[in-house]
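> Contents of start_10.csv (CSV, C-alpha atoms (C1' of nucleotides)):
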```
chain,number,residue,atom,x,y,z
K,1,MET,CA,5.3,-37.6,21.1
K,2,SER,CA,2.1,-35.7,21.6
K,3,LYS,CA,0.7,-35.5,25.1
K,4,PRO,CA,-2.7,-35.5,26.6
K,5,ILE,CA,-4.1,-32.2,27.7
K,6,PHE,CA,-5.4,-33.5,31.0
K,7,ILE,CA,-3.5,-36.5,32.2
K,8,GLU,CA,-5.2,-36.6,35.6
K,9,ALA,CA,-8.5,-37.1,33.8
K,10,LEU,CA,-7.4,-40.5,32.7
K,11,ASN,CA,-7.3,-41.9,36.2
K,12,ILE,CA,-10.2,-39.9,37.5
K,13,ALA,CA,-12.3,-41.2,34.6
K,14,TYR,CA,-11.6,-44.7,35.9
K,15,SER,CA,-13.2,-43.9,39.3
K,16,LEU,CA,-16.2,-42.5,37.6
K,17,MET,CA,-16.6,-45.4,35.2
K,18,ARG,CA,-16.1,-47.9,38.1
K,19,ALA,CA,-18.7,-46.1,40.1
K,20,ARG,CA,-21.1,-46.4,37.3
K,21,PHE,CA,-20.4,-50.0,36.1
K,22,TRP,CA,-19.2,-51.5,39.3
K,23,ASN,CA,-17.2,-54.7,38.7
K,24,LEU,CA,-18.0,-55.2,35.0
K,25,HIS,CA,-16.2,-58.2,34.0
K,26,TRP,CA,-14.8,-59.2,30.6
K,27,TRP,CA,-13.8,-61.1,28.6
K,28,PRO,CA,-16.7,-63.6,28.4
K,29,ALA,CA,-15.1,-67.0,27.7
K,30,ASP,CA,-14.5,-70.4,29.3
K,31,ASP,CA,-10.7,-70.4,28.7
K,32,SER,CA,-7.9,-68.5,27.1
K,33,PHE,CA,-8.2,-70.1,23.7
K,34,GLU,CA,-11.8,-69.1,23.5
K,35,VAL,CA,-10.8,-65.5,24.3
K,36,CYS,CA,-8.5,-65.5,21.3
K,37,VAL,CA,-11.1,-67.0,19.0
K,38,GLY,CA,-13.6,-64.4,20.3
K,39,ALA,CA,-11.1,-61.6,19.7
K,40,ILE,CA,-10.9,-62.5,16.0
K,41,LEU,CA,-14.6,-63.2,15.5
K,42,THR,CA,-15.7,-59.9,17.1
K,43,GLN,CA,-13.8,-57.7,14.7
K,44,LYS,CA,-16.3,-55.1,13.5
K,45,THR,CA,-19.1,-57.4,14.7
K,46,HIS,CA,-21.7,-57.4,17.4
K,47,TRP,CA,-20.9,-59.6,20.3
K,48,LYS,CA,-24.3,-61.2,20.0
K,49,ASN,CA,-23.4,-62.6,16.7
K,50,VAL,CA,-20.1,-63.9,18.1
K,51,GLU,CA,-21.9,-65.8,20.8
K,52,LYS,CA,-23.9,-67.7,18.2
K,53,ALA,CA,-20.7,-68.6,16.4
K,54,ILE,CA,-19.0,-69.7,19.6
K,55,ARG,CA,-22.0,-72.0,20.4
K,56,ALA,CA,-21.8,-73.5,16.9
K,57,LEU,CA,-18.0,-74.1,17.3
K,58,LYS,CA,-18.5,-75.8,20.6
K,59,LYS,CA,-21.3,-77.9,19.2
K,60,ALA,CA,-19.0,-79.0,16.4
K,61,GLY,CA,-16.4,-79.9,19.0
K,62,CYS,CA,-14.1,-77.4,17.4
K,63,MET,CA,-13.4,-75.0,20.3
K,64,ASN,CA,-9.9,-76.2,21.0
K,65,PRO,CA,-6.6,-75.8,19.1
K,66,ALA,CA,-6.1,-79.3,17.9
K,67,SER,CA,-9.6,-79.7,16.4
K,68,MET,CA,-9.6,-76.3,14.8
K,69,HIS,CA,-6.2,-77.0,13.3
K,70,LYS,CA,-7.6,-80.2,11.7
K,71,VAL,CA,-10.9,-79.1,10.3
K,72,ASN,CA,-11.0,-77.6,6.8
K,73,GLU,CA,-11.5,-73.9,6.3
K,74,SER,CA,-14.9,-74.2,4.6
K,75,ASP,CA,-16.4,-76.2,7.4
K,76,LEU,CA,-15.1,-73.6,9.8
K,77,ALA,CA,-16.6,-70.9,7.7
K,78,THR,CA,-20.1,-72.4,7.9
K,79,TRP,CA,-20.0,-72.6,11.7
K,80,ILE,CA,-19.0,-69.0,12.1
K,81,ARG,CA,-21.4,-67.7,9.5
K,82,SER,CA,-23.3,-65.5,11.9
K,83,VAL,CA,-20.3,-63.1,12.5
K,84,GLY,CA,-20.2,-61.9,8.9
K,85,TYR,CA,-16.9,-61.9,6.9
K,86,PHE,CA,-17.0,-65.6,7.6
K,87,ASN,CA,-14.6,-66.6,4.8
K,88,VAL,CA,-11.8,-64.2,5.8
K,89,LYS,CA,-12.3,-64.9,9.5
K,90,ALA,CA,-12.1,-68.7,8.9
K,91,ARG,CA,-8.8,-68.1,7.1
K,92,HIS,CA,-7.6,-65.9,10.0
K,93,LEU,CA,-8.6,-68.5,12.6
K,94,LYS,CA,-6.7,-71.1,10.7
K,95,ALA,CA,-3.6,-68.9,10.5
K,96,PHE,CA,-3.8,-68.3,14.2
K,97,VAL,CA,-4.1,-72.0,15.2
K,98,HIS,CA,-1.5,-73.0,12.7
K,99,VAL,CA,1.1,-70.9,14.6
K,100,LEU,CA,-0.3,-71.9,17.9
K,101,ILE,CA,0.0,-75.6,17.2
K,102,GLU,CA,3.2,-75.7,15.1
K,103,GLU,CA,5.2,-73.3,17.2
K,104,PHE,CA,3.7,-73.6,20.7
K,105,ASN,CA,2.3,-77.1,20.8
K,106,GLY,CA,-1.2,-75.6,21.2
K,107,GLY,CA,-0.4,-73.7,24.4
K,108,VAL,CA,-1.9,-70.2,24.5
K,109,ALA,CA,0.0,-69.3,27.6
K,110,ALA,CA,3.3,-70.3,25.9
K,111,MET,CA,2.4,-68.2,22.9
K,112,LEU,CA,1.7,-65.1,25.0
K,113,GLU,CA,4.7,-65.5,27.3
K,114,GLY,CA,8.0,-63.6,27.3
K,115,GLU,CA,8.7,-60.0,26.7
K,116,THR,CA,5.3,-58.3,26.0
K,117,ALA,CA,6.6,-56.4,23.0
K,118,VAL,CA,8.0,-59.6,21.5
K,119,ALA,CA,4.8,-61.6,22.1
K,120,ARG,CA,2.8,-58.8,20.6
K,121,GLU,CA,4.9,-58.7,17.5
K,122,ARG,CA,4.5,-62.4,17.1
K,123,LEU,CA,0.7,-62.0,17.1
K,124,LEU,CA,0.9,-59.0,14.7
K,125,ASN,CA,2.7,-61.2,12.2
K,126,ILE,CA,-0.3,-63.5,11.9
K,127,LYS,CA,-2.7,-62.4,9.1
K,128,GLY,CA,-5.9,-61.2,10.6
K,129,ILE,CA,-4.5,-60.1,13.9
K,130,GLY,CA,-4.0,-56.4,14.1
K,131,PRO,CA,-3.3,-54.1,17.1
K,132,GLU,CA,-6.6,-54.3,18.9
K,133,THR,CA,-7.0,-58.1,18.5
K,134,ALA,CA,-3.4,-58.7,19.6
K,135,ASP,CA,-3.8,-56.5,22.7
K,136,CYS,CA,-7.1,-58.3,23.6
K,137,MET,CA,-5.4,-61.6,23.5
K,138,LEU,CA,-2.4,-60.3,25.6
K,139,LEU,CA,-4.5,-58.5,28.2
K,140,TYR,CA,-7.5,-60.9,28.6
K,141,ALA,CA,-6.0,-64.3,27.5
K,142,GLY,CA,-2.4,-63.9,28.5
K,143,GLY,CA,-2.8,-61.6,31.6
K,144,ARG,CA,-0.1,-59.3,30.1
K,145,ASN,CA,-0.1,-55.6,30.6
K,146,SER,CA,-0.8,-54.4,27.1
K,147,PHE,CA,-3.2,-51.5,27.1
K,148,ILE,CA,-5.9,-51.8,24.4
K,149,VAL,CA,-6.7,-48.8,22.2
K,150,ASN,CA,-9.5,-49.0,19.7
K,151,ALA,CA,-11.6,-46.6,17.7
K,152,TYR,CA,-13.8,-45.9,20.7
K,153,THR,CA,-10.8,-45.0,22.9
K,154,GLY,CA,-9.6,-42.4,20.5
K,155,GLN,CA,-13.1,-40.9,20.1
K,156,ILE,CA,-13.8,-40.7,23.8
K,157,PHE,CA,-10.4,-39.2,24.6
K,158,LEU,CA,-10.8,-36.7,21.9
K,159,ARG,CA,-14.3,-35.8,22.9
K,160,HIS,CA,-13.2,-35.0,26.4
K,161,GLY,CA,-10.1,-33.2,25.4
K,162,TRP,CA,-7.8,-35.7,27.0
K,163,SER,CA,-5.7,-36.0,23.8
K,164,PRO,CA,-5.0,-33.6,21.0
K,165,ASP,CA,-6.7,-34.5,17.7
K,166,ALA,CA,-4.8,-36.5,15.2
K,167,VAL,CA,-3.0,-38.6,17.8
K,168,SER,CA,-2.1,-41.9,16.4
K,169,SER,CA,-3.2,-45.2,17.9
K,170,ASN,CA,0.4,-46.1,18.7
K,171,ASP,CA,1.0,-42.8,20.5
K,172,LEU,CA,-2.3,-43.1,22.4
K,173,LYS,CA,-1.3,-46.6,23.5
K,174,SER,CA,2.0,-45.3,25.0
K,175,ILE,CA,0.3,-42.4,26.6
K,176,CYS,CA,-2.2,-44.7,28.3
K,177,GLU,CA,0.5,-47.2,29.3
K,178,THR,CA,2.5,-44.4,30.8
K,179,HIS,CA,-0.3,-42.4,32.6
K,180,ILE,CA,-3.0,-44.9,33.4
K,181,SER,CA,-1.3,-46.3,36.4
K,182,LEU,CA,-1.5,-47.4,40.0
K,183,ASN,CA,0.6,-47.3,43.1
K,184,LYS,CA,0.2,-51.0,43.3
K,185,PRO,CA,1.6,-52.6,40.1
K,186,GLN,CA,0.1,-56.0,41.0
K,187,ASP,CA,-3.4,-54.5,40.4
K,188,LEU,CA,-2.6,-53.0,37.1
K,189,LEU,CA,-3.8,-55.9,35.0
K,190,ASP,CA,-7.3,-55.7,36.5
K,191,TYR,CA,-7.3,-52.0,36.1
K,192,TRP,CA,-6.5,-52.0,32.4
K,193,GLN,CA,-9.0,-54.8,31.8
K,194,HIS,CA,-11.7,-52.8,33.4
K,195,TYR,CA,-10.7,-49.7,31.6
K,196,TYR,CA,-11.1,-51.0,28.1
K,197,THR,CA,-14.3,-52.8,28.9
K,198,GLN,CA,-15.9,-49.7,30.4
K,199,LEU,CA,-14.9,-47.5,27.5
K,200,VAL,CA,-16.5,-49.9,25.1
K,201,VAL,CA,-19.7,-50.2,27.1
K,202,ILE,CA,-19.9,-46.4,27.6
K,203,ASP,CA,-19.7,-45.9,23.9
K,204,LYS,CA,-22.2,-48.6,23.0
K,205,THR,CA,-24.8,-47.3,25.5
K,206,SER,CA,-24.5,-43.6,25.0
K,207,PHE,CA,-22.7,-42.2,22.0
K,208,ARG,CA,-22.3,-42.4,18.3
K,209,PRO,CA,-19.1,-40.7,17.1
K,210,ARG,CA,-20.3,-39.5,13.8
K,211,ILE,CA,-22.0,-36.4,15.3
K,212,PRO,CA,-19.3,-33.8,15.9
K,213,ASN,CA,-19.3,-32.1,19.3
K,214,CYS,CA,-21.9,-34.4,20.5
K,215,ILE,CA,-22.0,-34.2,24.3
K,216,LYS,CA,-24.0,-37.2,25.5
K,217,SER,CA,-21.4,-39.3,27.3
K,218,PRO,CA,-22.3,-40.2,30.9
K,219,LEU,CA,-18.8,-39.0,31.7
K,220,VAL,CA,-19.5,-35.5,30.5
K,221,THR,CA,-22.3,-35.3,33.0
K,222,LEU,CA,-19.7,-35.5,35.7
K,223,LEU,CA,-16.7,-34.0,34.0
K,224,PRO,CA,-17.2,-30.6,32.2
K,225,ALA,CA,-16.6,-30.9,28.4
K,226,VAL,CA,-13.6,-29.1,27.0
Y,1,DT,C1',-36.2,-49.4,5.9
Y,2,DG,C1',-31.1,-48.5,6.1
Y,3,DC,C1',-27.3,-48.2,8.9
Y,4,DC,C1',-23.7,-50.2,11.3
Y,5,DA,C1',-21.3,-53.5,14.8
Y,6,DG,C1',-15.5,-54.4,20.4
Y,7,DG,C1',-10.9,-54.5,12.5
Y,8,DC,C1',-7.8,-55.8,9.3
Y,9,DC,C1',-5.7,-56.6,4.7
Y,10,DG,C1',-4.0,-55.3,0.2
Y,11,DG,C1',-3.5,-52.2,-3.4
Y,12,DG,C1',-3.4,-47.6,-4.7
Y,13,DT,C1',-1.6,-42.7,-4.4
S,1,DA,C1',2.7,-42.3,5.3
S,2,DC,C1',-2.3,-42.1,4.6
S,3,DC,C1',-6.6,-43.5,2.0
S,4,DC,C1',-10.0,-46.7,0.4
S,5,DG,C1',-12.7,-50.7,-1.1
S,6,DG,C1',-13.7,-55.3,0.3
S,7,DC,C1',-15.3,-58.5,3.5
S,8,DA,C1',-21.1,-60.1,4.9
S,9,DT,C1',-24.6,-61.4,8.7
S,10,DG,C1',-28.1,-59.9,11.9
S,11,DG,C1',-30.2,-56.5,15.1
S,12,DC,C1',-32.6,-52.3,15.8
```
Let me see the structure of the file written as structure tokens.


Amino acid sequence: MSKPIFIEALNIAYSLMRARFWNLHWWPADDSFEVCVGAILTQKTHWKNVEKAIRALKKAGCMNPASMHKVNESDLATWIRSVGYFNVKARHLKAFVHVLIEEFNGGVAAMLEGETAVARERLLNIKGIGPETADCMLLYAGGRNSFIVNAYTGQIFLRHGWSPDAVSSNDLKSICETHISLNKPQDLLDYWQHYYTQLVVIDKTSFRPRIPNCIKSPLVTLLPAV
DNA sequence: TGCCAGGCCGGGT
DNA sequence: ACCCGGCATGGC
């Protein structure tokens, strides 16, 4: 298992991000089912476009497990058109609600219960749900302690020298889950929820990863670049 | 105008 | 175990 160069930075970074983005909350949704739907819709997609689709689903009376299970896939696709990849995403939404209804009686909480690793594996077995989507569902809809690693996380960690290059997403996830910690475990959920949100927001506002050695992150103005 | 968003799947080496 | 094309609209 590879290790980060500068483990302390992971928790120090939180203080810096928190100071900058004070109490940034996520995930924007009315209930846990909507979190899951949003997680699938936002794959490689601007959240603005997801908002449109969510409004359309609500207008169609489809933003609940039972209705979404009943409607046909092509109707679903027309309502979520604005997110792009609407045909595949309609199929993935149907796959998700199928399991949700058939195995858990439509209960999102029930689906995300139990051993975290087991619940996560259950999600990953559904076509259209990969690591990031599963962890978003667990962390934001299920209130489970599953740290979310996405492309941004790796880029930002690499840029600051917090992880060696070529660290896999799985390794990065365990590194974070081991070292991004608190003395009070009961606050860990909130901590990890903020952490992911802030990393995404930082990257959206300040940095495009395709320029190598780019030093523009707001964190770098506070922490020396490695 | 062209580039790219809060990924994931399937098929090919 | 990686690598890559496909999926597709909308905003800047």

> Determine, counting all atoms listed in the file, which protein, DNA and RNA residues have an atom within 12 Å of an atom of DT13 (chain Y); residues of the same chain fewer than 5 positions away are not included. Present the result as a list in words.

DA1, DC2, DC3 and DC4 of chain S

> Excluding Thr78 (chain K) and residues on its chain fewer than 2 positions from it, collect all residues at most 12 Å away from it, counting all atoms listed in the file, and give them as a list in words.

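The contact residues come out as Lys52, Ala53, Ala56, Leu57, Ala60, Val71, Asn72, Glu73, Ser74, Asp75, Leu76, Ile80, Arg81, Ser82, Val83, Gly84, Tyr85, Phe86, Asn87, Val88, Lys89 and Ala90 of chain K; DT9 of chain S.
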
> Please produce a file of the residues just selected, as a PDB file, keeping the file's coordinate frame, where the atoms kept are C-alpha atoms (C1' of nucleotides).


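Contents of the output file result_24.pdb:
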```
ATOM      1  CA  LYS K  52     -23.900 -67.700  18.200  1.00  0.00           C
ATOM      2  CA  ALA K  53     -20.700 -68.600  16.400  1.00  0.00           C
ATOM      3  CA  ALA K  56     -21.800 -73.500  16.900  1.00  0.00           C
ATOM      4  CA  LEU K  57     -18.000 -74.100  17.300  1.00  0.00           C
ATOM      5  CA  ALA K  60     -19.000 -79.000  16.400  1.00  0.00           C
ATOM      6  CA  VAL K  71     -10.900 -79.100  10.300  1.00  0.00           C
ATOM      7  CA  ASN K  72     -11.000 -77.600   6.800  1.00  0.00           C
ATOM      8  CA  GLU K  73     -11.500 -73.900   6.300  1.00  0.00           C
ATOM      9  CA  SER K  74     -14.900 -74.200   4.600  1.00  0.00           C
ATOM     10  CA  ASP K  75     -16.400 -76.200   7.400  1.00  0.00           C
ATOM     11  CA  LEU K  76     -15.100 -73.600   9.800  1.00  0.00           C
ATOM     12  CA  ILE K  80     -19.000 -69.000  12.100  1.00  0.00           C
ATOM     13  CA  ARG K  81     -21.400 -67.700   9.500  1.00  0.00           C
ATOM     14  CA  SER K  82     -23.300 -65.500  11.900  1.00  0.00           C
ATOM     15  CA  VAL K  83     -20.300 -63.100  12.500  1.00  0.00           C
ATOM     16  CA  GLY K  84     -20.200 -61.900   8.900  1.00  0.00           C
ATOM     17  CA  TYR K  85     -16.900 -61.900   6.900  1.00  0.00           C
ATOM     18  CA  PHE K  86     -17.000 -65.600   7.600  1.00  0.00           C
ATOM     19  CA  ASN K  87     -14.600 -66.600   4.800  1.00  0.00           C
ATOM     20  CA  VAL K  88     -11.800 -64.200   5.800  1.00  0.00           C
ATOM     21  CA  LYS K  89     -12.300 -64.900   9.500  1.00  0.00           C
ATOM     22  CA  ALA K  90     -12.100 -68.700   8.900  1.00  0.00           C
TER      23      ALA K  90
ATOM     24  C1'  DT S   9     -24.600 -61.400   8.700  1.00  0.00           C
TER      25       DT S   9
END
```

> Return as a list in words the residues belonging to chain Y that are within 6 Å of chain K, counting only C-alpha atoms (C1' of nucleotides).

DA5, DG7 and DC8 of chain Y

> Considering only C-alpha atoms (C1' of nucleotides), extract the chain S residues located within 9 Å of chain K and return them as a VMD selection string.

chain S and resid 7 to 11

> Create the file for the chosen residues now, containing C-alpha atoms (C1' of nucleotides) and written as a PDB file, keeping the file's coordinate frame.


```pdb
ATOM      1  C1'  DC S   7     -15.300 -58.500   3.500  1.00  0.00           C
ATOM      2  C1'  DA S   8     -21.100 -60.100   4.900  1.00  0.00           C
ATOM      3  C1'  DT S   9     -24.600 -61.400   8.700  1.00  0.00           C
ATOM      4  C1'  DG S  10     -28.100 -59.900  11.900  1.00  0.00           C
ATOM      5  C1'  DG S  11     -30.200 -56.500  15.100  1.00  0.00           C
TER       6       DG S  11
END
```

> Find the residue from K:Thr116, K:Glu8, K:Cys176, K:Tyr140 that sits nearest to Pro28 (chain K); use all atoms listed in the file when measuring.

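Using all atoms listed in the file, Pro28 (chain K) sits closest to K:Tyr140.
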